[in-house]
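This report concerns only the one structure given below.
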Amino acid sequence: MNSVAKSVLRSVKHGRAAWPRTGSAHSGKRRFHRLVLGIETSCDDTGAAVVDEAGCVLGEALHCQKEVHLQSGGIIPVVAQQLHRENIDRVVQEALSASGVSVAELAAVATTVKPGLALSLGVGLHYSRGLVSRHQTPFIPIHHMEAHALTVRLTHPLEFPFLVLLISGGHCLLAVAQGVSDFLLLGQSIDIAPGDMLDKVARRLSLRKHPECHSMAGGQAIEHLAQSGNQERLTFQLPMQQYRNCDFSFSGLQNVVNNAIVQKEKEEGIQEGEILSCVKDVAAAVQHAVAVHIIQRTYRAMLFCIKNSILPSKNATLVVSGGVASNQYIRKVLQNLADANDFALLCPPPRLCTDNGVMIAWNGIERLRAGLGVLHSAAGVRYEPRAPLGIDISKRVEEDSIKVPKLKDIRWLAS
(Lines give C-alpha, C1' and ligand atoms only; values in the text may rest on other atoms or scores of the structure.)
Protein backbone atom coordinates (compact mmCIF):
# COMPACT_ATOMS: atom_id res chain seq x y z
CA MET A 1 0.00 0.00 0.00
CA ASN A 2 1.51 3.38 -1.00
CA SER A 3 1.92 6.42 1.25
CA VAL A 4 -1.16 8.20 -0.11
CA ALA A 5 -3.37 5.19 0.63
CA LYS A 6 -1.91 4.84 4.14
CA SER A 7 -2.51 8.54 4.81
CA VAL A 8 -6.13 8.33 3.70
CA LEU A 9 -6.77 5.25 5.82
CA ARG A 10 -5.23 6.96 8.87
CA SER A 11 -7.78 9.77 8.49
CA VAL A 12 -10.56 7.18 8.39
CA LYS A 13 -9.38 5.62 11.65
CA HIS A 14 -9.54 9.07 13.25
CA GLY A 15 -13.27 9.16 12.59
CA ARG A 16 -13.65 11.39 9.55
CA ALA A 17 -15.01 8.95 7.01
CA ALA A 18 -18.08 7.08 8.22
CA TRP A 19 -21.33 7.83 6.43
CA PRO A 20 -23.58 4.93 7.46
CA ARG A 21 -27.23 4.94 6.47
CA THR A 22 -29.75 2.43 7.68
CA GLY A 23 -33.45 2.12 7.13
CA SER A 24 -36.25 -0.34 7.70
CA ALA A 25 -39.74 -1.03 6.42
CA HIS A 26 -40.18 -3.95 8.82
CA SER A 27 -43.65 -3.92 10.36
CA GLY A 28 -43.05 -6.56 13.01
CA LYS A 29 -45.39 -9.02 11.28
CA ARG A 30 -44.24 -12.41 10.02
CA ARG A 31 -43.95 -12.31 6.24
CA PHE A 32 -44.63 -15.25 3.95
CA HIS A 33 -42.83 -13.88 0.88
CA ARG A 34 -39.37 -15.18 0.01
CA LEU A 35 -36.57 -12.93 1.24
CA VAL A 36 -33.24 -12.06 -0.38
CA LEU A 37 -30.22 -10.38 1.18
CA GLY A 38 -28.37 -8.18 -1.31
CA ILE A 39 -24.69 -7.26 -0.86
CA GLU A 40 -22.99 -4.53 -2.92
CA THR A 41 -19.23 -3.75 -2.95
CA SER A 42 -18.48 -3.08 -6.64
CA CYS A 43 -16.81 0.30 -6.10
CA ASP A 44 -16.66 2.54 -3.03
CA ASP A 45 -19.98 1.94 -1.24
CA THR A 46 -20.62 -1.00 1.08
CA GLY A 47 -24.34 -1.75 0.87
CA ALA A 48 -26.68 -4.44 2.14
CA ALA A 49 -30.45 -4.83 2.17
CA VAL A 50 -33.19 -7.40 2.71
CA VAL A 51 -36.04 -7.26 0.19
CA ASP A 52 -39.05 -9.54 -0.02
CA GLU A 53 -40.82 -10.95 -3.06
CA ALA A 54 -43.46 -8.23 -2.94
CA GLY A 55 -40.78 -5.56 -3.29
CA CYS A 56 -40.82 -4.42 0.33
CA VAL A 57 -37.47 -3.22 1.64
CA LEU A 58 -37.40 -4.74 5.12
CA GLY A 59 -34.01 -3.38 6.13
CA GLU A 60 -30.99 -1.72 4.58
CA ALA A 61 -27.63 -0.24 5.50
CA LEU A 62 -25.00 1.65 3.55
CA HIS A 63 -21.47 2.78 4.34
CA CYS A 64 -20.38 5.53 1.94
CA GLN A 65 -16.70 6.23 1.37
CA LYS A 66 -17.22 9.58 -0.37
CA GLU A 67 -15.48 11.71 2.25
CA VAL A 68 -12.41 9.50 2.18
CA HIS A 69 -11.97 9.62 -1.58
CA LEU A 70 -12.64 13.36 -1.71
CA GLN A 71 -9.47 13.80 0.36
CA SER A 72 -7.35 11.93 -2.17
CA GLY A 73 -9.03 13.39 -5.28
CA GLY A 74 -10.28 10.04 -6.52
CA ILE A 75 -10.91 6.42 -5.60
CA ILE A 76 -7.81 4.50 -4.54
CA PRO A 77 -8.73 0.81 -5.03
CA VAL A 78 -6.66 -0.51 -2.12
CA VAL A 79 -8.26 2.03 0.22
CA ALA A 80 -11.74 1.11 -1.01
CA GLN A 81 -10.90 -2.56 -0.44
CA GLN A 82 -9.73 -1.96 3.13
CA LEU A 83 -12.82 0.08 4.00
CA HIS A 84 -15.09 -2.64 2.56
CA ARG A 85 -13.30 -5.20 4.73
CA GLU A 86 -13.68 -3.06 7.84
CA ASN A 87 -17.38 -2.35 7.30
CA ILE A 88 -19.02 -5.21 5.42
CA ASP A 89 -19.94 -7.36 8.42
CA ARG A 90 -21.38 -4.42 10.33
CA VAL A 91 -23.38 -3.23 7.31
CA VAL A 92 -24.83 -6.69 6.66
CA GLN A 93 -25.71 -7.20 10.32
CA GLU A 94 -27.39 -3.77 10.45
CA ALA A 95 -29.52 -4.64 7.41
CA LEU A 96 -30.49 -8.01 8.89
CA SER A 97 -31.25 -6.46 12.29
CA ALA A 98 -33.38 -3.73 10.73
CA SER A 99 -35.30 -6.35 8.74
CA GLY A 100 -35.98 -8.51 11.78
CA VAL A 101 -34.98 -11.71 10.00
CA SER A 102 -32.08 -14.13 10.34
CA VAL A 103 -29.88 -15.59 7.62
CA ALA A 104 -31.69 -18.91 8.11
CA GLU A 105 -34.93 -17.27 6.92
CA LEU A 106 -33.44 -16.04 3.64
CA ALA A 107 -34.32 -17.69 0.35
CA ALA A 108 -30.96 -16.56 -1.07
CA VAL A 109 -28.00 -14.20 -0.78
CA ALA A 110 -27.39 -12.04 -3.88
CA THR A 111 -24.02 -10.35 -4.35
CA THR A 112 -22.47 -8.14 -7.02
CA VAL A 113 -19.71 -10.11 -8.75
CA LYS A 114 -19.34 -8.06 -11.97
CA PRO A 115 -18.33 -5.54 -13.26
CA GLY A 116 -16.43 -3.20 -10.92
CA LEU A 117 -13.14 -2.69 -9.10
CA ALA A 118 -11.48 -6.08 -8.69
CA LEU A 119 -10.34 -5.44 -5.11
CA SER A 120 -13.78 -4.25 -4.06
CA LEU A 121 -15.68 -7.06 -5.78
CA GLY A 122 -13.41 -9.57 -4.08
CA VAL A 123 -14.40 -8.39 -0.60
CA GLY A 124 -18.13 -8.84 -1.22
CA LEU A 125 -17.70 -12.23 -2.86
CA HIS A 126 -15.36 -13.55 -0.15
CA TYR A 127 -17.76 -12.45 2.59
CA SER A 128 -20.75 -13.93 0.79
CA ARG A 129 -19.00 -17.25 0.24
CA GLY A 130 -18.52 -17.59 3.98
CA LEU A 131 -22.09 -16.56 4.74
CA VAL A 132 -23.81 -18.98 2.34
CA SER A 133 -21.42 -21.80 3.28
CA ARG A 134 -22.14 -21.47 7.00
CA HIS A 135 -25.90 -21.32 6.54
CA GLN A 136 -26.26 -23.50 3.42
CA THR A 137 -28.15 -20.67 1.69
CA PRO A 138 -28.57 -20.46 -2.11
CA PHE A 139 -26.36 -17.88 -3.81
CA ILE A 140 -27.23 -15.53 -6.70
CA PRO A 141 -24.32 -13.77 -8.46
CA ILE A 142 -25.40 -10.35 -9.71
CA HIS A 143 -24.35 -8.22 -12.71
CA HIS A 144 -24.11 -4.68 -11.35
CA MET A 145 -25.52 -3.03 -14.48
CA GLU A 146 -28.42 -5.49 -14.71
CA ALA A 147 -29.30 -4.53 -11.14
CA HIS A 148 -29.28 -0.81 -12.00
CA ALA A 149 -31.45 -1.49 -15.07
CA LEU A 150 -34.08 -3.47 -13.16
CA THR A 151 -34.31 -1.30 -10.03
CA VAL A 152 -37.11 0.68 -11.69
CA ARG A 153 -39.31 -2.45 -11.55
CA LEU A 154 -39.10 -2.25 -7.76
CA THR A 155 -40.56 1.27 -7.75
CA HIS A 156 -42.81 1.19 -10.85
CA PRO A 157 -45.12 -1.45 -12.40
CA LEU A 158 -43.12 -1.77 -15.62
CA GLU A 159 -43.27 -4.64 -18.10
CA PHE A 160 -40.58 -5.68 -20.61
CA PRO A 161 -39.29 -4.52 -23.05
CA PHE A 162 -37.95 -1.03 -22.31
CA LEU A 163 -34.97 1.13 -23.25
CA VAL A 164 -32.33 1.63 -20.56
CA LEU A 165 -29.77 4.42 -20.23
CA LEU A 166 -27.27 3.77 -17.44
CA ILE A 167 -25.04 6.75 -16.63
CA SER A 168 -22.70 6.80 -13.65
CA GLY A 169 -19.14 7.39 -12.55
CA GLY A 170 -18.01 4.01 -13.83
CA HIS A 171 -20.42 3.13 -16.62
CA CYS A 172 -22.36 4.55 -19.55
CA LEU A 173 -24.47 2.39 -21.82
CA LEU A 174 -27.71 2.10 -23.77
CA ALA A 175 -29.52 -1.23 -23.84
CA VAL A 176 -32.93 -2.78 -24.34
CA ALA A 177 -34.19 -4.85 -21.42
CA GLN A 178 -36.19 -7.71 -22.91
CA GLY A 179 -36.28 -9.81 -19.76
CA VAL A 180 -34.69 -10.29 -16.35
CA SER A 181 -31.45 -11.58 -17.88
CA ASP A 182 -32.10 -10.68 -21.51
CA PHE A 183 -30.50 -7.47 -22.78
CA LEU A 184 -29.55 -6.05 -26.17
CA LEU A 185 -26.56 -3.72 -25.90
CA LEU A 186 -26.97 -0.78 -28.29
CA GLY A 187 -23.90 1.22 -27.31
CA GLN A 188 -21.54 2.13 -24.50
CA SER A 189 -18.70 4.48 -23.64
CA ILE A 190 -15.52 3.64 -25.54
CA ASP A 191 -13.40 5.30 -22.84
CA ILE A 192 -14.50 6.87 -19.55
CA ALA A 193 -17.94 7.36 -18.01
CA PRO A 194 -19.70 10.76 -17.69
CA GLY A 195 -19.48 10.83 -13.91
CA ASP A 196 -15.75 10.16 -14.09
CA MET A 197 -15.33 12.97 -16.61
CA LEU A 198 -17.27 15.46 -14.47
CA ASP A 199 -15.18 14.53 -11.43
CA LYS A 200 -11.95 15.06 -13.38
CA VAL A 201 -13.10 18.43 -14.72
CA ALA A 202 -14.07 19.46 -11.18
CA ARG A 203 -10.57 18.54 -9.96
CA ARG A 204 -8.98 20.48 -12.83
CA LEU A 205 -11.08 23.49 -11.85
CA SER A 206 -10.02 23.01 -8.17
CA LEU A 207 -13.65 23.16 -7.09
CA ARG A 208 -12.82 21.82 -3.63
CA LYS A 209 -11.29 25.28 -3.03
CA HIS A 210 -14.51 27.01 -4.08
CA PRO A 211 -16.39 28.25 -0.99
CA GLU A 212 -19.67 26.76 -2.22
CA CYS A 213 -18.25 23.34 -3.12
CA HIS A 214 -15.61 22.30 -0.59
CA SER A 215 -17.66 19.32 0.71
CA MET A 216 -19.18 18.27 -2.62
CA ALA A 217 -18.23 15.45 -4.96
CA GLY A 218 -17.05 16.63 -8.38
CA GLY A 219 -20.23 16.02 -10.36
CA GLN A 220 -22.33 17.55 -7.61
CA ALA A 221 -20.12 20.66 -7.58
CA ILE A 222 -20.40 21.03 -11.37
CA GLU A 223 -24.20 20.80 -11.18
CA HIS A 224 -24.36 23.29 -8.31
CA LEU A 225 -22.22 25.96 -9.98
CA ALA A 226 -23.88 25.42 -13.37
CA GLN A 227 -27.20 26.58 -11.92
CA SER A 228 -25.92 30.17 -11.81
CA GLY A 229 -23.63 29.96 -14.85
CA ASN A 230 -24.21 30.90 -18.50
CA GLN A 231 -23.66 27.92 -20.81
CA GLU A 232 -23.75 30.18 -23.88
CA ARG A 233 -20.40 31.79 -23.04
CA LEU A 234 -18.46 28.67 -23.96
CA THR A 235 -19.12 26.07 -26.62
CA PHE A 236 -17.44 22.69 -26.64
CA GLN A 237 -17.23 20.54 -29.74
CA LEU A 238 -19.11 17.33 -29.15
CA PRO A 239 -17.34 14.00 -29.71
CA MET A 240 -18.18 11.28 -32.25
CA GLN A 241 -20.42 13.44 -34.43
CA GLN A 242 -19.22 11.56 -37.52
CA TYR A 243 -20.26 8.17 -36.10
CA ARG A 244 -23.94 7.27 -36.43
CA ASN A 245 -24.00 4.80 -33.56
CA CYS A 246 -24.96 4.77 -29.90
CA ASP A 247 -21.47 4.72 -28.42
CA PHE A 248 -20.23 7.51 -26.14
CA SER A 249 -16.86 9.19 -25.65
CA PHE A 250 -16.19 11.46 -22.70
CA SER A 251 -12.39 11.37 -22.68
CA GLY A 252 -12.20 13.46 -25.85
CA LEU A 253 -14.71 15.94 -24.45
CA GLN A 254 -12.66 16.17 -21.27
CA ASN A 255 -9.55 17.05 -23.28
CA VAL A 256 -11.45 19.80 -25.12
CA VAL A 257 -12.65 21.20 -21.79
CA ASN A 258 -9.16 21.05 -20.26
CA ASN A 259 -7.73 23.01 -23.21
CA ALA A 260 -10.45 25.65 -22.76
CA ILE A 261 -9.62 25.90 -19.05
CA VAL A 262 -5.92 26.43 -19.85
CA GLN A 263 -6.86 29.19 -22.29
CA LYS A 264 -9.11 30.90 -19.73
CA GLU A 265 -6.35 30.72 -17.10
CA LYS A 266 -3.98 32.46 -19.52
CA GLU A 267 -6.58 35.14 -20.26
CA GLU A 268 -7.11 35.78 -16.54
CA GLY A 269 -3.42 35.54 -15.68
CA ILE A 270 -3.85 32.83 -13.04
CA GLN A 271 -2.11 29.53 -12.34
CA GLU A 272 -3.58 26.03 -12.26
CA GLY A 273 -5.14 25.53 -8.83
CA GLU A 274 -6.65 29.02 -8.67
CA ILE A 275 -10.36 29.56 -9.26
CA LEU A 276 -11.41 31.08 -12.59
CA SER A 277 -13.75 34.05 -12.40
CA CYS A 278 -15.84 32.37 -15.09
CA VAL A 279 -15.90 28.98 -13.33
CA LYS A 280 -19.71 28.90 -13.18
CA ASP A 281 -19.96 29.47 -16.92
CA VAL A 282 -17.46 26.67 -17.53
CA ALA A 283 -19.47 24.35 -15.28
CA ALA A 284 -22.70 25.21 -17.10
CA ALA A 285 -21.14 24.68 -20.54
CA VAL A 286 -19.57 21.35 -19.51
CA GLN A 287 -22.80 20.08 -18.03
CA HIS A 288 -24.69 21.10 -21.17
CA ALA A 289 -22.17 19.41 -23.48
CA VAL A 290 -22.41 16.15 -21.49
CA ALA A 291 -26.21 16.36 -21.58
CA VAL A 292 -26.38 16.94 -25.33
CA HIS A 293 -23.93 14.13 -26.08
CA ILE A 294 -26.14 11.80 -24.02
CA ILE A 295 -29.29 13.12 -25.72
CA GLN A 296 -27.98 12.55 -29.23
CA ARG A 297 -27.00 8.92 -28.60
CA THR A 298 -30.22 8.22 -26.70
CA TYR A 299 -32.31 9.79 -29.46
CA ARG A 300 -30.64 7.50 -32.01
CA ALA A 301 -31.35 4.49 -29.76
CA MET A 302 -35.03 5.44 -29.62
CA LEU A 303 -35.27 5.77 -33.40
CA PHE A 304 -33.39 2.50 -33.96
CA CYS A 305 -35.63 0.55 -31.59
CA ILE A 306 -38.84 1.88 -33.13
CA LYS A 307 -37.60 1.37 -36.70
CA ASN A 308 -36.69 -2.25 -35.99
CA SER A 309 -39.79 -3.00 -33.89
CA ILE A 310 -37.64 -3.78 -30.85
CA LEU A 311 -39.87 -1.45 -28.84
CA PRO A 312 -43.54 -0.65 -29.44
CA SER A 313 -44.19 2.42 -31.56
CA LYS A 314 -46.58 3.67 -28.88
CA ASN A 315 -46.20 3.79 -25.10
CA ALA A 316 -42.50 2.90 -25.13
CA THR A 317 -40.47 3.58 -21.99
CA LEU A 318 -37.01 5.02 -21.36
CA VAL A 319 -35.50 4.07 -18.00
CA VAL A 320 -32.58 6.18 -16.73
CA SER A 321 -30.51 5.08 -13.76
CA GLY A 322 -27.02 5.40 -12.27
CA GLY A 323 -25.49 8.18 -10.20
CA VAL A 324 -25.41 10.75 -13.03
CA ALA A 325 -29.18 10.25 -13.42
CA SER A 326 -29.47 12.24 -10.20
CA ASN A 327 -28.26 15.36 -12.06
CA GLN A 328 -31.43 17.40 -12.43
CA TYR A 329 -30.33 19.22 -15.58
CA ILE A 330 -29.52 15.99 -17.39
CA ARG A 331 -32.74 14.46 -16.15
CA LYS A 332 -34.70 17.48 -17.42
CA VAL A 333 -33.29 17.29 -20.95
CA LEU A 334 -33.96 13.56 -21.04
CA GLN A 335 -37.54 14.21 -19.94
CA ASN A 336 -37.93 16.71 -22.78
CA LEU A 337 -36.44 14.21 -25.22
CA ALA A 338 -38.81 11.49 -24.02
CA ASP A 339 -41.83 13.80 -24.27
CA ALA A 340 -40.88 14.84 -27.80
CA ASN A 341 -40.77 11.20 -28.89
CA ASP A 342 -43.81 9.90 -26.98
CA PHE A 343 -41.70 7.88 -24.57
CA ALA A 344 -42.45 7.63 -20.88
CA LEU A 345 -39.39 8.47 -18.76
CA LEU A 346 -38.94 6.50 -15.55
CA CYS A 347 -36.14 6.95 -13.02
CA PRO A 348 -35.66 5.24 -9.67
CA PRO A 349 -35.60 7.67 -6.73
CA PRO A 350 -32.18 9.36 -6.38
CA ARG A 351 -31.08 7.21 -3.44
CA LEU A 352 -31.58 4.09 -5.57
CA CYS A 353 -29.77 5.55 -8.59
CA THR A 354 -26.42 5.34 -6.82
CA ASP A 355 -24.91 2.04 -5.66
CA ASN A 356 -26.85 0.35 -2.86
CA GLY A 357 -27.81 -3.03 -1.46
CA VAL A 358 -31.51 -2.66 -2.29
CA MET A 359 -30.98 -2.93 -6.05
CA ILE A 360 -28.84 -6.05 -5.60
CA ALA A 361 -31.45 -7.70 -3.38
CA TRP A 362 -34.20 -6.79 -5.85
CA ASN A 363 -32.22 -8.22 -8.76
CA GLY A 364 -31.89 -11.35 -6.63
CA ILE A 365 -35.68 -11.45 -6.21
CA GLU A 366 -36.18 -11.04 -9.96
CA ARG A 367 -33.77 -13.89 -10.69
CA LEU A 368 -35.25 -16.06 -7.93
CA ARG A 369 -38.74 -15.69 -9.37
CA ALA A 370 -37.48 -16.40 -12.90
CA GLY A 371 -35.32 -19.31 -11.77
CA LEU A 372 -32.20 -17.75 -13.32
CA GLY A 373 -28.71 -18.13 -11.90
CA VAL A 374 -29.69 -19.45 -8.47
CA LEU A 375 -26.76 -21.56 -7.23
CA HIS A 376 -26.54 -24.03 -4.36
CA SER A 377 -22.97 -22.93 -3.65
CA ALA A 378 -20.77 -19.90 -4.25
CA ALA A 379 -17.59 -21.99 -4.31
CA GLY A 380 -17.03 -21.83 -8.07
CA VAL A 381 -18.06 -18.20 -8.58
CA ARG A 382 -15.39 -15.71 -9.62
CA TYR A 383 -15.60 -11.93 -9.77
CA GLU A 384 -15.21 -10.21 -13.15
CA PRO A 385 -13.94 -6.60 -13.23
CA ARG A 386 -15.09 -6.31 -16.85
CA ALA A 387 -18.31 -7.90 -18.01
CA PRO A 388 -20.55 -6.91 -20.95
CA LEU A 389 -24.29 -6.61 -20.48
CA GLY A 390 -26.35 -8.80 -22.79
CA ILE A 391 -25.91 -9.33 -26.52
CA ASP A 392 -23.92 -6.62 -28.28
CA ILE A 393 -25.81 -5.35 -31.37
CA SER A 394 -23.97 -2.01 -31.58
CA LYS A 395 -22.61 -2.86 -35.05
CA ARG A 396 -26.17 -3.32 -36.28
CA VAL A 397 -27.04 0.12 -34.89
CA GLU A 398 -24.12 1.66 -36.77
CA GLU A 399 -25.09 -0.14 -39.99
CA ASP A 400 -28.54 1.48 -39.84
CA SER A 401 -26.75 4.88 -39.86
CA ILE A 402 -29.68 6.78 -38.35
CA LYS A 403 -29.31 10.56 -38.48
CA VAL A 404 -30.39 12.68 -35.52
CA PRO A 405 -30.62 16.49 -35.26
CA LYS A 406 -27.42 18.44 -34.63
CA LEU A 407 -26.74 20.44 -31.49
CA LYS A 408 -28.27 23.67 -32.76
CA ASP A 409 -31.49 21.85 -33.65
CA ILE A 410 -31.96 20.19 -30.27
CA ARG A 411 -30.75 23.00 -28.01
CA TRP A 412 -34.40 23.67 -27.12
CA LEU A 413 -34.45 20.35 -25.29
CA ALA A 414 -32.41 21.89 -22.50
CA SER A 415 -34.58 24.99 -22.18
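For the C-alpha coordinates, the naming scheme is as follows: chains receive sequential letters (A, B, ...) according to their order of presentation, residues are indexed from 1 within each chain, and ligands are indexed from 1 in presentation order.
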Per residue of range 318-366 of chain A within 10 Å of range 273-288 of chain A, note the shortest atom pair and the distance in Å to one decimal, counting only C-alpha atoms, and order the rows by chain and increasing residue number, as JSON lines.
```
{"residue": "A:Asn327", "atom": "CA", "partner": "A:Gln287", "partner_atom": "CA", "distance": 9.4}
{"residue": "A:Tyr329", "atom": "CA", "partner": "A:Gln287", "partner_atom": "CA", "distance": 8.0}
{"residue": "A:Ile330", "atom": "CA", "partner": "A:Gln287", "partner_atom": "CA", "distance": 7.9}
{"residue": "A:Val333", "atom": "CA", "partner": "A:His288", "partner_atom": "CA", "distance": 9.4}
```
Which residues of range 180-264 of chain A sit at most 12 Å from range 152-162 of chain A, using only C-alpha atoms? Give each one's shortest atom pair and distance in Å (one decimal place), in chain and ascending residue order, as CSV.
```
residue,atom,partner,partner_atom,distance
A:Val180,CA,A:Phe160,CA,8.6
A:Ser181,CA,A:Phe160,CA,11.2
A:Asp182,CA,A:Pro161,CA,9.6
A:Phe183,CA,A:Pro161,CA,9.3
A:Leu184,CA,A:Pro161,CA,10.3
```
Item to complete: Take CA of Pro138 in chain A and CA of Ser377 in chain A and report the distance between them in Å, one decimal.
Response: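 Value for the CA of Pro138 in chain A-CA of Ser377 in chain A distance: 6.3 Å.
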Item to complete: May I have the residues within 7 Å of Pro239 in chain A as a list in words, using only C-alpha atoms and disregarding those fewer than 2 positions away in the same chain?
Response: Gln237, Gln241, Ser249, Gly252 and Leu253 of chain A
Please produce an output containing all heavy atoms for each residue in the selection, written as a short mmCIF file (atom, residue, chain, number, x, y, z; two decimals), in the first residue's frame.
```
data_model
loop_
_atom_site.label_atom_id
_atom_site.label_comp_id
_atom_site.auth_asym_id
_atom_site.auth_seq_id
_atom_site.Cartn_x
_atom_site.Cartn_y
_atom_site.Cartn_z
N GLN A 237 -16.92 21.45 -28.64
CA GLN A 237 -17.23 20.54 -29.74
C GLN A 237 -17.56 19.16 -29.21
O GLN A 237 -16.81 18.59 -28.41
CB GLN A 237 -16.04 20.45 -30.70
CG GLN A 237 -16.30 19.59 -31.92
CD GLN A 237 -15.13 19.59 -32.89
OE1 GLN A 237 -14.15 20.30 -32.68
NE2 GLN A 237 -15.21 18.79 -33.94
N GLN A 241 -19.33 12.96 -33.57
CA GLN A 241 -20.42 13.44 -34.43
C GLN A 241 -20.44 12.72 -35.78
O GLN A 241 -21.48 12.61 -36.42
CB GLN A 241 -20.28 14.94 -34.64
CG GLN A 241 -20.50 15.77 -33.38
CD GLN A 241 -21.89 15.58 -32.79
OE1 GLN A 241 -22.88 16.05 -33.34
NE2 GLN A 241 -21.99 14.85 -31.69
N SER A 249 -18.26 8.91 -25.94
CA SER A 249 -16.86 9.19 -25.65
C SER A 249 -16.78 10.45 -24.81
O SER A 249 -17.17 11.53 -25.26
CB SER A 249 -16.04 9.37 -26.93
OG SER A 249 -14.73 9.78 -26.61
N GLY A 252 -12.47 12.40 -24.88
CA GLY A 252 -12.20 13.46 -25.85
C GLY A 252 -12.82 14.79 -25.44
O GLY A 252 -12.19 15.85 -25.56
N LEU A 253 -14.04 14.73 -24.92
CA LEU A 253 -14.71 15.94 -24.45
C LEU A 253 -13.95 16.55 -23.27
O LEU A 253 -13.79 17.77 -23.18
CB LEU A 253 -16.15 15.62 -24.04
CG LEU A 253 -17.01 16.78 -23.53
CD1 LEU A 253 -17.08 17.91 -24.55
CD2 LEU A 253 -18.42 16.28 -23.19
#
```
Item to complete: Give me every strand (DSSP E or B) residue in range 184-339 of chain A, going by DSSP on the backbone, as a PyMOL selection string.
Response: chain A and resi 184-189+248+272+274+316-321
Against range 53-62 of chain A, which residues of range 320-390 of chain A fall within 10 Å? For each one I want the closest pair of atoms and the distance in Å (one decimal), counting only C-alpha atoms, rows by chain and increasing residue number, as JSON lines.
```
{"residue": "A:Asp355", "atom": "CA", "partner": "A:Leu62", "partner_atom": "CA", "distance": 9.2}
{"residue": "A:Asn356", "atom": "CA", "partner": "A:Leu62", "partner_atom": "CA", "distance": 6.8}
{"residue": "A:Gly357", "atom": "CA", "partner": "A:Glu60", "partner_atom": "CA", "distance": 6.9}
{"residue": "A:Val358", "atom": "CA", "partner": "A:Glu60", "partner_atom": "CA", "distance": 7.0}
{"residue": "A:Ala361", "atom": "CA", "partner": "A:Val57", "partner_atom": "CA", "distance": 9.0}
{"residue": "A:Trp362", "atom": "CA", "partner": "A:Gly55", "partner_atom": "CA", "distance": 7.2}
{"residue": "A:Gly364", "atom": "CA", "partner": "A:Glu53", "partner_atom": "CA", "distance": 9.6}
{"residue": "A:Ile365", "atom": "CA", "partner": "A:Glu53", "partner_atom": "CA", "distance": 6.0}
{"residue": "A:Glu366", "atom": "CA", "partner": "A:Glu53", "partner_atom": "CA", "distance": 8.3}
{"residue": "A:Leu368", "atom": "CA", "partner": "A:Glu53", "partner_atom": "CA", "distance": 9.0}
{"residue": "A:Arg369", "atom": "CA", "partner": "A:Glu53", "partner_atom": "CA", "distance": 8.2}
```
